[in-house]
Amino acid sequence: MNDKSKMSANEVLSIRTPLKADVCASLRSGDMVLLTGSVYTARDVAHRRLYEALKKGLPLPIDLSTATIFYAAPSPTPTGRIIGSIGPTTSYRMDVFTPALIEHGLRGMIGKGSRSPEVVEAIKQYGAVYFGAIGGIAALTAQCVKRIERVAYDDLGPEAIRRLTVVDLPLVVINDTLGNDLYLSEQSRWRIIPE
Amino acid sequence: MREIDAQQVTATVRKLFIEANTTLGQDVLSALKRAITKEESAIGRQVLEKILQNAAIAREGSLPLCQDTGLAVLFVEIGQDVRIVGGDLRGTIEEGVRQAYADGFLRKSVCDPLTRENTKDNTPAVIHLDMVPGNQLKIIAMPKGGGSENMSRAKMLTPSAGIDGIKKFVLETVEKAGANPCPPIVVGIGIGGSLEHACLLAKKALLRETGSPHPADPRLAQLEEELCGQINALGIGPAGLGGKVTALAVHAEMAPCHIASLPVAVNIQCHVARHQEAII
Ligand code: SF4
């Protein structure tokens, strides 16, 4: 039963941001990747603001086209370090805003937990990708962050938008452009009581 | 009357929250190690190994285990022969929280529910005060993350729903939560009392040594064991990526309730199961 998980058999792919369309199209649910490049942090209130700006046709503080967003708000940076602890927050809270962002060019999302059918559909339609990161290992994950810059919405404190430069951030593809969902497939594979 | 200086309370609260946020308890570490031997999914085992690695890095570097350093929840038992001098008890505790979150580089995660404006110092804390016999002050600090708290639920069942209704509600809650609360989780269950008492029992159940059965009521010990088995049969697994270990433990507490009701609350705790206590 040890190799029941197809993920463990896969090799780890190194990919870079900005995510190219052909890379997104080739990624498959269950692929383990190491991500290098720039990603933006944005979560609840930042999403609402981006969404409202889009609806009103106002300029955005970040260029969404081919961007990757990490649903995260790091802890404060201790003296002498690059960043505090950082890890994914639960993604479903961003679901109401996400299809509009994807429509405007957002290509990569990093978080934890399942997405709504609308987000899964937008991922398919626009060739985006949703990556899962492991929650609650934020001191370890922080080691992948080499740089942090303020970008927008500083008044939001921990929730502000920042640009992170990450190197070999370990992720797994959850939702791909074919509409696959790793949480669904793996959890039902391991389930031993009836639905 | 024994006098306790308010400043000592502040210093203790400060220390407890920094410690809780950077150090995982031995009981949780042992439960995680046991989980590795039980987990059959290769990716599940990798996740568990990373959780242990993270705990070591956090402890050595005095870094937060998780970026979500929580809402500051406290259980405080004050002996009736204690008098706090040099400040009021609640204000003194709030000051300890403020200092911990500032000095410990902990994230300030408290905001106005409607405007969502951050209070910037992680106060107000949620303080559960209890008066007990004696001349000591016991403080338990429990930083509670939002991801797992959001997946918690309470329901007023009818008495006819019985133990089966309770089990069904717990399983449903964990199943709906899926990967969201950072499994492997600890499940706290509160049965009986009133609505708020059931919730409080569920939260207090999380403070027990992880994985130890209910010490006094064999019915609860049996319920815990049975539910733990069923939860782990759901297949959610570490980080929700599938596997045998979804819950590290299930802890239940119970209190008598009204003849018309059967309240049940489920408080979900992520694998970063943080709490530290001190007695002054
Ligand atoms: S649920 Fe727990 S481990 Fe997960 S992000 Fe929140 S505090 Fe951290």
# chains A, B, ... in the order shown; residues from 1 in each chain; ligands from 1

call {"tool": "closest_atom_pairs", "arguments": {"of": "chain B", "to": "chain A", "cutoff": "7 Å", "atoms": "only C-alpha atoms", "output": "tab-separated table"}}
result
residue	atom	partner	partner_atom	distance
B:Glu40	CA	A:Asn2	CA	5.7
B:Ser41	CA	A:Asn2	CA	5.9
B:Ala42	CA	A:Ser8	CA	6.2
B:Ile43	CA	A:Ser8	CA	6.0
B:Ile51	CA	A:Ile137	CA	5.7
B:Asn54	CA	A:Leu140	CA	5.1
B:Ile57	CA	A:Ala139	CA	6.5
B:Ala58	CA	A:Ala139	CA	5.8
B:Leu63	CA	A:Ala139	CA	6.4
B:Pro64	CA	A:Ser85	CA	6.0
B:Leu65	CA	A:Ala139	CA	5.7
B:Cys66	CA	A:Ala138	CA	4.8
B:Gln67	CA	A:Ser85	CA	4.8
B:Phe105	CA	A:Pro76	CA	5.2
B:Leu106	CA	A:Ser75	CA	5.7
B:Arg107	CA	A:Ser75	CA	4.5
B:Gly147	CA	A:Thr90	CA	6.2
B:Ala179	CA	A:Gly113	CA	4.8
B:Asn180	CA	A:Gly113	CA	4.6
B:Cys182	CA	A:Gly135	CA	5.6
B:Ala233	CA	A:Ile192	CA	5.1
B:Leu234	CA	A:Arg191	CA	4.8
B:Gly235	CA	A:Arg191	CA	4.0
B:Ile236	CA	A:Gln187	CA	4.9
B:Ala239	CA	A:Ile134	CA	6.0
B:Gly240	CA	A:Tyr183	CA	6.4
B:Leu241	CA	A:Tyr183	CA	5.8
B:Gly242	CA	A:Gln187	CA	4.5
B:Gly243	CA	A:Trp190	CA	5.6
B:Val272	CA	A:Gly136	CA	6.3

call {"tool": "write_last_selection", "arguments": {"atoms": "C-alpha atoms", "output": "PDB file, in the first residue's frame"}}
result
ATOM      1  CA  GLU B  40       0.996   4.441   5.102  1.00  0.00           C
ATOM      2  CA  SER B  41       0.971   7.248   2.550  1.00  0.00           C
ATOM      3  CA  ALA B  42       4.500   8.224   1.516  1.00  0.00           C
ATOM      4  CA  ILE B  43       3.547  11.883   1.045  1.00  0.00           C
ATOM      5  CA  ILE B  51       6.136  19.200  10.778  1.00  0.00           C
ATOM      6  CA  ASN B  54       9.636  22.793  11.577  1.00  0.00           C
ATOM      7  CA  ILE B  57      13.763  24.975  13.644  1.00  0.00           C
ATOM      8  CA  ALA B  58      11.205  27.055  15.543  1.00  0.00           C
ATOM      9  CA  LEU B  63      10.656  31.518  15.719  1.00  0.00           C
ATOM     10  CA  PRO B  64       6.887  31.185  15.450  1.00  0.00           C
ATOM     11  CA  LEU B  65       5.897  27.605  14.510  1.00  0.00           C
ATOM     12  CA  CYS B  66       3.187  29.075  12.317  1.00  0.00           C
ATOM     13  CA  GLN B  67       2.759  32.552  10.820  1.00  0.00           C
ATOM     14  CA  PHE B 105       7.691  39.185  16.688  1.00  0.00           C
ATOM     15  CA  LEU B 106       4.315  37.453  16.716  1.00  0.00           C
ATOM     16  CA  ARG B 107       1.680  38.339  14.147  1.00  0.00           C
ATOM     17  CA  GLY B 147      -7.855  28.178  10.009  1.00  0.00           C
ATOM     18  CA  ALA B 179      -7.569  20.049   4.280  1.00  0.00           C
ATOM     19  CA  ASN B 180      -8.549  23.487   5.633  1.00  0.00           C
ATOM     20  CA  CYS B 182      -4.082  21.782   8.661  1.00  0.00           C
ATOM     21  CA  ALA B 233     -10.941   6.215   8.038  1.00  0.00           C
ATOM     22  CA  LEU B 234     -12.058   9.371   6.209  1.00  0.00           C
ATOM     23  CA  GLY B 235      -8.750   9.355   4.316  1.00  0.00           C
ATOM     24  CA  ILE B 236      -8.097  13.117   4.566  1.00  0.00           C
ATOM     25  CA  ALA B 239      -2.145  18.303   4.914  1.00  0.00           C
ATOM     26  CA  GLY B 240      -5.277  16.817   3.343  1.00  0.00           C
ATOM     27  CA  LEU B 241      -3.176  15.008   0.737  1.00  0.00           C
ATOM     28  CA  GLY B 242      -4.658  11.607   1.608  1.00  0.00           C
ATOM     29  CA  GLY B 243      -3.606   9.104   4.211  1.00  0.00           C
ATOM     30  CA  VAL B 272       0.296  23.259  15.761  1.00  0.00           C
TER      31      VAL B 272
END

call {"tool": "select_by_dssp", "arguments": {"residues": "segment 140-183 of chain B", "states": "helix (DSSP H, G or I)", "output": "ChimeraX atom specification"}}
result
/B:146-149,159-177

call {"tool": "atom_distance", "arguments": {"atom1": "atom CA of Leu171 of chain A", "atom2": "atom CA of Asp31 of chain A"}}
result
8.5 Å

call {"tool": "residues_around", "arguments": {"residues": "Gln99 of chain B", "least_positions_apart": "4", "cutoff": "7 Å", "atoms": "only C-alpha atoms", "output": "list of chain:residue names"}}
result
B:Arg14, B:Glu95, B:Asp103

call {"tool": "write_last_selection", "arguments": {"atoms": "N, CA, C and O atoms", "output": "CSV table (one decimal), in the first residue's frame"}}
result
chain,number,residue,atom,x,y,z
B,14,ARG,N,3.3,37.2,29.1
B,14,ARG,CA,4.2,37.5,28.0
B,14,ARG,C,5.1,36.3,27.7
B,14,ARG,O,5.1,35.9,26.5
B,95,GLU,N,-2.0,43.4,29.0
B,95,GLU,CA,-0.6,44.0,28.8
B,95,GLU,C,0.4,42.9,28.5
B,95,GLU,O,1.3,43.1,27.7
B,103,ASP,N,7.2,42.0,21.4
B,103,ASP,CA,8.6,41.6,21.7
B,103,ASP,C,8.9,40.2,21.0
B,103,ASP,O,10.1,40.0,20.7

call {"tool": "residues_around", "arguments": {"residues": "segment 188-191 of chain B", "least_positions_apart": "4", "cutoff": "10 Å", "atoms": "only C-alpha atoms", "output": "PyMOL selection string"}}
result
chain B and resi 152-154+156+163+166+170+195-208+220+224+249-257+262-269

call {"tool": "write_last_selection", "arguments": {"atoms": "N, CA and C atoms", "output": "compact mmCIF listing (two decimals), in the first residue's frame"}}
result
# COMPACT_ATOMS: atom_id res chain seq x y z
N SER B 152 -14.65 24.83 13.12
CA SER B 152 -15.32 24.33 14.32
C SER B 152 -16.82 24.64 14.23
N ARG B 153 -17.62 23.81 14.89
CA ARG B 153 -19.08 23.99 14.82
C ARG B 153 -19.76 23.58 16.11
N ALA B 154 -20.95 24.13 16.34
CA ALA B 154 -21.78 23.71 17.47
C ALA B 154 -23.19 23.49 16.98
N MET B 156 -27.36 22.34 18.48
CA MET B 156 -28.26 21.89 19.52
C MET B 156 -29.02 20.68 18.99
N ILE B 163 -26.18 9.41 21.26
CA ILE B 163 -24.75 9.27 21.00
C ILE B 163 -24.48 9.14 19.50
N ILE B 166 -24.42 12.51 17.98
CA ILE B 166 -23.17 13.20 18.32
C ILE B 166 -22.05 12.75 17.38
N VAL B 170 -19.91 15.04 14.62
CA VAL B 170 -18.45 15.20 14.69
C VAL B 170 -17.81 14.78 13.36
N LEU B 195 -25.48 26.11 25.31
CA LEU B 195 -24.75 26.33 24.06
C LEU B 195 -23.30 26.75 24.31
N GLU B 196 -23.13 27.81 25.16
CA GLU B 196 -21.76 28.32 25.35
C GLU B 196 -20.93 27.38 26.22
N HIS B 197 -21.61 26.62 27.10
CA HIS B 197 -20.84 25.69 27.93
C HIS B 197 -20.27 24.55 27.09
N ALA B 198 -21.06 24.06 26.12
CA ALA B 198 -20.58 23.00 25.24
C ALA B 198 -19.34 23.48 24.47
N CYS B 199 -19.38 24.72 24.00
CA CYS B 199 -18.24 25.27 23.25
C CYS B 199 -17.00 25.36 24.15
N LEU B 200 -17.23 25.80 25.38
CA LEU B 200 -16.12 25.94 26.32
C LEU B 200 -15.51 24.58 26.67
N LEU B 201 -16.40 23.57 26.84
CA LEU B 201 -15.92 22.22 27.13
C LEU B 201 -15.08 21.70 25.97
N ALA B 202 -15.52 21.99 24.74
CA ALA B 202 -14.79 21.53 23.56
C ALA B 202 -13.41 22.16 23.51
N LYS B 203 -13.34 23.43 23.87
CA LYS B 203 -12.03 24.10 23.84
C LYS B 203 -11.14 23.57 24.96
N LYS B 204 -11.72 23.41 26.15
CA LYS B 204 -10.93 22.89 27.28
C LYS B 204 -10.42 21.48 27.01
N ALA B 205 -11.20 20.71 26.25
CA ALA B 205 -10.80 19.34 25.94
C ALA B 205 -9.47 19.34 25.18
N LEU B 206 -9.19 20.42 24.45
CA LEU B 206 -7.95 20.51 23.67
C LEU B 206 -6.72 20.68 24.56
N LEU B 207 -6.95 21.02 25.81
CA LEU B 207 -5.81 21.28 26.71
C LEU B 207 -5.27 20.00 27.34
N ARG B 208 -6.02 18.93 27.25
CA ARG B 208 -5.58 17.66 27.82
C ARG B 208 -4.32 17.16 27.10
N LEU B 220 -16.73 8.26 27.79
CA LEU B 220 -16.08 9.26 26.93
C LEU B 220 -14.80 8.71 26.33
N GLU B 224 -14.10 8.58 22.38
CA GLU B 224 -12.90 9.19 21.79
C GLU B 224 -12.17 8.20 20.87
N ALA B 249 -5.63 12.94 17.81
CA ALA B 249 -6.38 12.55 19.01
C ALA B 249 -7.76 13.15 18.96
N VAL B 250 -8.68 12.52 19.71
CA VAL B 250 -10.01 13.07 19.93
C VAL B 250 -10.19 13.15 21.45
N HIS B 251 -10.55 14.33 21.93
CA HIS B 251 -10.76 14.52 23.37
C HIS B 251 -12.18 15.02 23.59
N ALA B 252 -12.92 14.37 24.49
CA ALA B 252 -14.30 14.81 24.76
C ALA B 252 -14.49 15.16 26.23
N GLU B 253 -15.32 16.15 26.46
CA GLU B 253 -15.70 16.52 27.83
C GLU B 253 -17.22 16.64 27.85
N MET B 254 -17.80 16.44 29.04
CA MET B 254 -19.26 16.39 29.12
C MET B 254 -19.75 17.08 30.38
N ALA B 255 -20.97 17.63 30.30
CA ALA B 255 -21.62 18.22 31.48
C ALA B 255 -23.11 17.96 31.37
N PRO B 256 -23.82 17.86 32.49
CA PRO B 256 -25.27 17.66 32.43
C PRO B 256 -25.94 18.81 31.68
N CYS B 257 -27.07 18.50 31.04
CA CYS B 257 -27.76 19.54 30.26
C CYS B 257 -29.26 19.54 30.56
N LEU B 262 -29.62 18.59 23.77
CA LEU B 262 -28.37 17.84 23.70
C LEU B 262 -27.37 18.69 22.90
N PRO B 263 -26.76 19.68 23.59
CA PRO B 263 -25.80 20.53 22.87
C PRO B 263 -24.52 19.75 22.56
N VAL B 264 -23.96 20.00 21.39
CA VAL B 264 -22.65 19.41 21.07
C VAL B 264 -21.81 20.43 20.31
N ALA B 265 -20.55 20.54 20.70
CA ALA B 265 -19.64 21.47 20.04
C ALA B 265 -18.38 20.72 19.64
N VAL B 266 -17.86 21.07 18.49
CA VAL B 266 -16.62 20.47 18.00
C VAL B 266 -15.62 21.60 17.77
N ASN B 267 -14.54 21.59 18.52
CA ASN B 267 -13.50 22.61 18.35
C ASN B 267 -12.29 21.92 17.70
N ILE B 268 -11.98 22.37 16.50
CA ILE B 268 -10.87 21.73 15.78
C ILE B 268 -9.57 22.48 16.03
N GLN B 269 -8.55 21.71 16.32
CA GLN B 269 -7.21 22.24 16.58
C GLN B 269 -6.27 21.67 15.53

call {"tool": "residues_around", "arguments": {"residues": "His47 of chain A", "least_positions_apart": "5", "cutoff": "9 Å", "atoms": "only C-alpha atoms", "output": "list of chain:residue names"}}
result
A:Ala42, A:Glu52, A:Met94, A:Phe97, A:Thr98, A:Leu101

call {"tool": "write_last_selection", "arguments": {"atoms": "all heavy atoms", "output": "short mmCIF file (atom, residue, chain, number, x, y, z; two decimals), in the first residue's frame"}}
result
data_model
loop_
_atom_site.label_atom_id
_atom_site.label_comp_id
_atom_site.auth_asym_id
_atom_site.auth_seq_id
_atom_site.Cartn_x
_atom_site.Cartn_y
_atom_site.Cartn_z
N ALA A 42 -1.16 38.10 -0.74
CA ALA A 42 -2.44 38.81 -0.65
C ALA A 42 -3.45 37.86 -0.05
O ALA A 42 -3.44 36.67 -0.38
CB ALA A 42 -2.92 39.27 -2.03
N GLU A 52 -12.67 45.05 -5.94
CA GLU A 52 -13.47 46.26 -6.08
C GLU A 52 -12.85 47.22 -7.09
O GLU A 52 -13.55 47.86 -7.87
CB GLU A 52 -13.68 46.92 -4.72
CG GLU A 52 -14.79 46.21 -3.96
CD GLU A 52 -14.89 46.59 -2.49
OE1 GLU A 52 -14.12 47.46 -2.04
OE2 GLU A 52 -15.74 45.98 -1.80
N MET A 94 -10.96 33.28 -0.39
CA MET A 94 -10.67 34.14 -1.53
C MET A 94 -11.51 33.75 -2.76
O MET A 94 -11.48 34.43 -3.79
CB MET A 94 -9.17 34.05 -1.87
CG MET A 94 -8.26 35.01 -1.12
SD MET A 94 -8.45 35.04 0.68
CE MET A 94 -7.51 33.61 1.20
N PHE A 97 -13.64 36.16 -4.95
CA PHE A 97 -12.92 37.19 -5.73
C PHE A 97 -12.06 36.58 -6.85
O PHE A 97 -11.69 37.27 -7.80
CB PHE A 97 -12.00 38.00 -4.81
CG PHE A 97 -12.69 38.55 -3.59
CD1 PHE A 97 -12.31 38.17 -2.32
CD2 PHE A 97 -13.74 39.45 -3.73
CE1 PHE A 97 -12.95 38.68 -1.19
CE2 PHE A 97 -14.39 39.97 -2.61
CZ PHE A 97 -14.00 39.58 -1.34
N THR A 98 -11.72 35.30 -6.70
CA THR A 98 -10.70 34.69 -7.55
C THR A 98 -11.03 34.62 -9.04
O THR A 98 -10.17 34.96 -9.87
CB THR A 98 -10.31 33.31 -6.99
OG1 THR A 98 -9.84 33.50 -5.65
CG2 THR A 98 -9.22 32.65 -7.80
N LEU A 101 -10.13 37.74 -10.76
CA LEU A 101 -8.68 37.96 -10.82
C LEU A 101 -8.05 37.09 -11.91
O LEU A 101 -7.16 37.54 -12.65
CB LEU A 101 -8.04 37.66 -9.45
CG LEU A 101 -7.88 38.85 -8.49
CD1 LEU A 101 -9.19 39.54 -8.21
CD2 LEU A 101 -7.23 38.40 -7.18
#

call {"tool": "closest_residue", "arguments": {"among": "A:Asp168, A:Arg107, A:Ala67, A:Gly179", "to": "Val120 of chain A", "atoms": "only C-alpha atoms"}}
result
A:Gly179

call {"tool": "residues_around", "arguments": {"residues": "segment 58-65 of chain A", "least_positions_apart": "2", "cutoff": "9 Å", "atoms": "only C-alpha atoms", "output": "list in words"}}
result
Pro18, Tyr40, Leu50, Glu52, Ala53, Leu54, Lys55, Lys56, Ala67, Thr68, Leu101, Ile102, His104, Gly105, Leu106, Arg107, Val151, Ala152, Tyr153 and Ile161 of chain A

call {"tool": "closest_residue", "arguments": {"among": "B:Cys270, B:Ala100, B:Val132, B:Met1", "to": "ligand 1", "atoms": "only C-alpha atoms and all ligand atoms"}}
result
B:Cys270

call {"tool": "select_by_dssp", "arguments": {"residues": "segment 117-220 of chain B", "states": "strand (DSSP E)", "output": "MDAnalysis selection string"}}
result
chainID B and resid 126:132 137:144 153:157 185:192

call {"tool": "closest_residue", "arguments": {"among": "B:Ile185, B:Cys111, B:Ala221, B:Val13", "to": "Gly96 of chain B", "atoms": "only C-alpha atoms"}}
result
B:Val13

call {"tool": "closest_residue", "arguments": {"among": "B:Ser30, B:Ser261, B:Gln53, B:Thr92", "to": "Leu157 of chain B", "atoms": "only C-alpha atoms"}}
result
B:Ser261

call {"tool": "atom_distance", "arguments": {"atom1": "atom CA of Leu74 of chain B", "atom2": "atom CA of Ala125 of chain B"}}
result
7.4 Å

call {"tool": "residues_around", "arguments": {"residues": "Glu225 of chain B", "least_positions_apart": "3", "cutoff": "12 Å", "atoms": "only C-alpha atoms", "output": "PyMOL selection string"}}
result
chain B and resi 167+187+211-214+218-222+228-232+247-252

call {"tool": "closest_residue", "arguments": {"among": "B:Arg2, B:Arg98, B:Lys144, B:Lys168", "to": "ligand 1", "atoms": "only C-alpha atoms and all ligand atoms"}}
result
B:Lys144

call {"tool": "atom_distance", "arguments": {"atom1": "atom CA of Gly91 of chain B", "atom2": "atom CA of Gly25 of chain B"}}
result
27.8 Å
